[in-house]
Amino acid sequence: MSSELESRVRDEVEALHEFFVGWFTGKLPLGALEKEFLPRFDADFHLIPPTGDLLTLGELQAALHRNHAANPDLQIAIRNVTVHKVLNDIVVATYEEWQRHEPASANLNSARISTVVLDQARSLKWLHVHEAWLPEAVAAAGFDATEDQSQ
């Protein structure tokens with residue numbers, strides 16, 4: 001895969017998760033949801049979190065709105081961003097998301113692997129994400145969120 005494309009995908013994944021940290025810690029204002037979050041997503045976006053639910057963009061937006069500033073200690077590190085396939089303008093990639101101080105997870109420290117489908121013709125617009133927990137033994141190893149964990 002093109003190293004330029006992989007770099008763009010990595011930058012986009014990291015930027016979105018920086019938004020999540022700013023949102024959940026309360027460092028971003030409420031208006032950031034409409035200005036910084038929603039424009040990244042296709043109107044038909046779907047998220048399948050590790051619980052297996054299927055969330056629409058509207059449901060995700062509502063959940064985010066309810067949880068603004070709900071976790072002032074949240075830290076997220078992104079690792080191992082890899083582009084696997086490019087089909088015309090569609091990009092399929094994976095990345096690991098390592099969270100520290102996440103009370104909504106079974107453990108305060110959690111790790112998941114995500115498959116993302118992006119449309120590069122529309123500035124890497126997010127079309128779909130499917131997340132799965134990383135094995136407990138891998139997650140138990142933990143991470144230091146202050147280090148650069150992306151590759």
# chains A, B, ... in the order shown; residues from 1 in each chain; ligands from 1

$ residues_around --residues "range 86-95 of chain A" --least-positions-apart "2" --cutoff "8 Å" --atoms "only C-alpha atoms" --output "list in words"
Ile78, Arg79, Asn80, Val81, Thr82, Val83, His84, Glu97, Ile113, Ser114, Thr115, Val116, Val117, Leu118, Asp119, Gln120 and Ala121 of chain A

$ select_by_dssp --residues "chain A" --states "helix (DSSP H, G or I)" --output "ChimeraX atom specification"
/A:3-25,32-40,57-66,120-122,136-140

$ write_last_selection --atoms "N, CA and C atoms" --output "CSV table (one decimal), in the first residue's frame"
chain,number,residue,atom,x,y,z
A,3,SER,N,2.6,4.5,1.1
A,3,SER,CA,2.9,5.0,2.4
A,3,SER,C,2.2,6.3,2.6
A,4,GLU,N,2.0,7.1,1.5
A,4,GLU,CA,1.3,8.3,1.7
A,4,GLU,C,-0.2,8.1,2.2
A,5,LEU,N,-0.8,7.1,1.5
A,5,LEU,CA,-2.2,6.8,2.0
A,5,LEU,C,-2.2,6.3,3.4
A,6,GLU,N,-1.3,5.4,3.7
A,6,GLU,CA,-1.3,4.9,5.1
A,6,GLU,C,-1.1,6.0,6.1
A,7,SER,N,-0.2,6.9,5.7
A,7,SER,CA,0.0,8.1,6.6
A,7,SER,C,-1.2,8.9,6.8
A,8,ARG,N,-1.9,9.2,5.7
A,8,ARG,CA,-3.2,9.9,5.7
A,8,ARG,C,-4.2,9.2,6.6
A,9,VAL,N,-4.3,7.9,6.4
A,9,VAL,CA,-5.3,7.1,7.2
A,9,VAL,C,-4.9,7.2,8.7
A,10,ARG,N,-3.6,7.0,9.0
A,10,ARG,CA,-3.1,7.1,10.4
A,10,ARG,C,-3.5,8.5,11.0
A,11,ASP,N,-3.2,9.5,10.2
A,11,ASP,CA,-3.4,10.9,10.7
A,11,ASP,C,-4.9,11.1,11.0
A,12,GLU,N,-5.8,10.5,10.2
A,12,GLU,CA,-7.2,10.7,10.3
A,12,GLU,C,-7.7,9.9,11.6
A,13,VAL,N,-7.2,8.7,11.7
A,13,VAL,CA,-7.6,7.8,12.9
A,13,VAL,C,-7.2,8.5,14.2
A,14,GLU,N,-5.9,9.0,14.2
A,14,GLU,CA,-5.4,9.6,15.4
A,14,GLU,C,-6.2,10.9,15.7
A,15,ALA,N,-6.5,11.7,14.6
A,15,ALA,CA,-7.2,13.0,14.8
A,15,ALA,C,-8.6,12.7,15.4
A,16,LEU,N,-9.3,11.7,14.9
A,16,LEU,CA,-10.6,11.4,15.4
A,16,LEU,C,-10.6,11.0,16.9
A,17,HIS,N,-9.6,10.2,17.3
A,17,HIS,CA,-9.4,9.7,18.6
A,17,HIS,C,-8.9,10.9,19.6
A,18,GLU,N,-8.2,11.8,19.0
A,18,GLU,CA,-7.9,13.0,19.8
A,18,GLU,C,-9.2,13.8,20.1
A,19,PHE,N,-10.1,13.8,19.1
A,19,PHE,CA,-11.4,14.4,19.3
A,19,PHE,C,-12.1,13.7,20.5
A,20,PHE,N,-12.1,12.4,20.5
A,20,PHE,CA,-12.8,11.6,21.5
A,20,PHE,C,-12.2,12.0,22.9
A,21,VAL,N,-10.9,12.1,23.0
A,21,VAL,CA,-10.3,12.4,24.3
A,21,VAL,C,-10.7,13.8,24.7
A,22,GLY,N,-10.7,14.8,23.8
A,22,GLY,CA,-11.1,16.1,24.1
A,22,GLY,C,-12.6,16.2,24.5
A,23,TRP,N,-13.4,15.4,23.8
A,23,TRP,CA,-14.8,15.4,24.1
A,23,TRP,C,-15.1,14.8,25.4
A,24,PHE,N,-14.6,13.6,25.7
A,24,PHE,CA,-14.9,12.9,27.0
A,24,PHE,C,-14.3,13.6,28.2
A,25,THR,N,-13.1,14.2,28.0
A,25,THR,CA,-12.5,14.9,29.1
A,25,THR,C,-13.1,16.3,29.3
A,32,ALA,N,-18.3,21.4,19.3
A,32,ALA,CA,-17.3,20.6,18.6
A,32,ALA,C,-17.9,19.4,18.0
A,33,LEU,N,-19.0,18.9,18.5
A,33,LEU,CA,-19.6,17.7,18.0
A,33,LEU,C,-20.1,17.9,16.6
A,34,GLU,N,-20.8,19.0,16.3
A,34,GLU,CA,-21.2,19.4,15.0
A,34,GLU,C,-20.1,19.9,14.1
A,35,LYS,N,-19.2,20.6,14.7
A,35,LYS,CA,-18.1,21.2,13.8
A,35,LYS,C,-17.0,20.2,13.5
A,36,GLU,N,-16.5,19.4,14.5
A,36,GLU,CA,-15.4,18.6,14.3
A,36,GLU,C,-15.6,17.1,14.1
A,37,PHE,N,-16.8,16.6,14.6
A,37,PHE,CA,-17.0,15.2,14.6
A,37,PHE,C,-17.9,14.8,13.4
A,38,LEU,N,-19.1,15.4,13.3
A,38,LEU,CA,-20.1,15.0,12.3
A,38,LEU,C,-19.6,15.1,10.8
A,39,PRO,N,-18.8,16.2,10.5
A,39,PRO,CA,-18.4,16.3,9.1
A,39,PRO,C,-17.4,15.1,8.6
A,40,ARG,N,-16.9,14.4,9.6
A,40,ARG,CA,-16.0,13.3,9.2
A,40,ARG,C,-16.8,12.1,8.7
A,57,LEU,N,-25.2,6.6,12.9
A,57,LEU,CA,-24.5,7.9,13.2
A,57,LEU,C,-25.3,8.7,14.2
A,58,GLY,N,-26.6,8.7,14.0
A,58,GLY,CA,-27.5,9.4,14.9
A,58,GLY,C,-27.5,8.9,16.3
A,59,GLU,N,-27.4,7.6,16.4
A,59,GLU,CA,-27.3,7.0,17.8
A,59,GLU,C,-26.0,7.3,18.4
A,60,LEU,N,-24.9,7.2,17.6
A,60,LEU,CA,-23.6,7.5,18.1
A,60,LEU,C,-23.5,9.0,18.6
A,61,GLN,N,-24.1,9.9,17.8
A,61,GLN,CA,-24.1,11.3,18.1
A,61,GLN,C,-24.9,11.5,19.4
A,62,ALA,N,-26.0,10.9,19.6
A,62,ALA,CA,-26.8,11.0,20.8
A,62,ALA,C,-26.0,10.5,22.0
A,63,ALA,N,-25.3,9.4,21.9
A,63,ALA,CA,-24.5,8.9,23.0
A,63,ALA,C,-23.4,9.8,23.3
A,64,LEU,N,-22.7,10.3,22.3
A,64,LEU,CA,-21.6,11.3,22.6
A,64,LEU,C,-22.2,12.5,23.3
A,65,HIS,N,-23.3,13.0,22.8
A,65,HIS,CA,-23.8,14.2,23.4
A,65,HIS,C,-24.1,14.0,24.9
A,66,ARG,N,-24.7,12.8,25.2
A,66,ARG,CA,-25.0,12.5,26.6
A,66,ARG,C,-23.8,12.4,27.5
A,120,GLN,N,-11.9,7.7,0.3
A,120,GLN,CA,-10.8,8.6,0.1
A,120,GLN,C,-11.2,9.7,-0.9
A,121,ALA,N,-12.3,9.5,-1.7
A,121,ALA,CA,-12.7,10.5,-2.6
A,121,ALA,C,-13.4,11.7,-1.9
A,122,ARG,N,-13.8,11.4,-0.6
A,122,ARG,CA,-14.4,12.4,0.2
A,122,ARG,C,-13.6,12.7,1.4
A,136,GLU,N,-7.5,-10.8,26.2
A,136,GLU,CA,-7.2,-10.3,27.5
A,136,GLU,C,-5.7,-10.3,27.8
A,137,ALA,N,-5.0,-11.3,27.4
A,137,ALA,CA,-3.5,-11.4,27.6
A,137,ALA,C,-2.8,-10.2,27.0
A,138,VAL,N,-3.3,-9.9,25.8
A,138,VAL,CA,-2.7,-8.7,25.1
A,138,VAL,C,-3.0,-7.4,25.8
A,139,ALA,N,-4.3,-7.3,26.1
A,139,ALA,CA,-4.7,-6.0,26.8
A,139,ALA,C,-4.1,-5.9,28.2
A,140,ALA,N,-3.9,-7.0,28.9
A,140,ALA,CA,-3.3,-7.0,30.2
A,140,ALA,C,-1.9,-6.4,30.2

$ atom_distance --atom1 "CA of His128 in chain A" --atom2 "CA of Ile48 in chain A"
8.2 Å

$ select_by_dssp --residues "range 72-140 of chain A" --states "strand (DSSP E)" --output "ChimeraX atom specification"
/A:75-87,90-100,109-119,125-133

$ atom_distance --atom1 "CA of Pro72 in chain A" --atom2 "CA of Gly26 in chain A"
6.6 Å

$ closest_residue --among "A:Leu47, A:Leu55, A:Leu30, A:Leu108" --to "Ala132 in chain A" --atoms "only C-alpha atoms"
A:Leu47

$ atom_distance --atom1 "CA of Val129 in chain A" --atom2 "CA of Pro29 in chain A"
24.9 Å
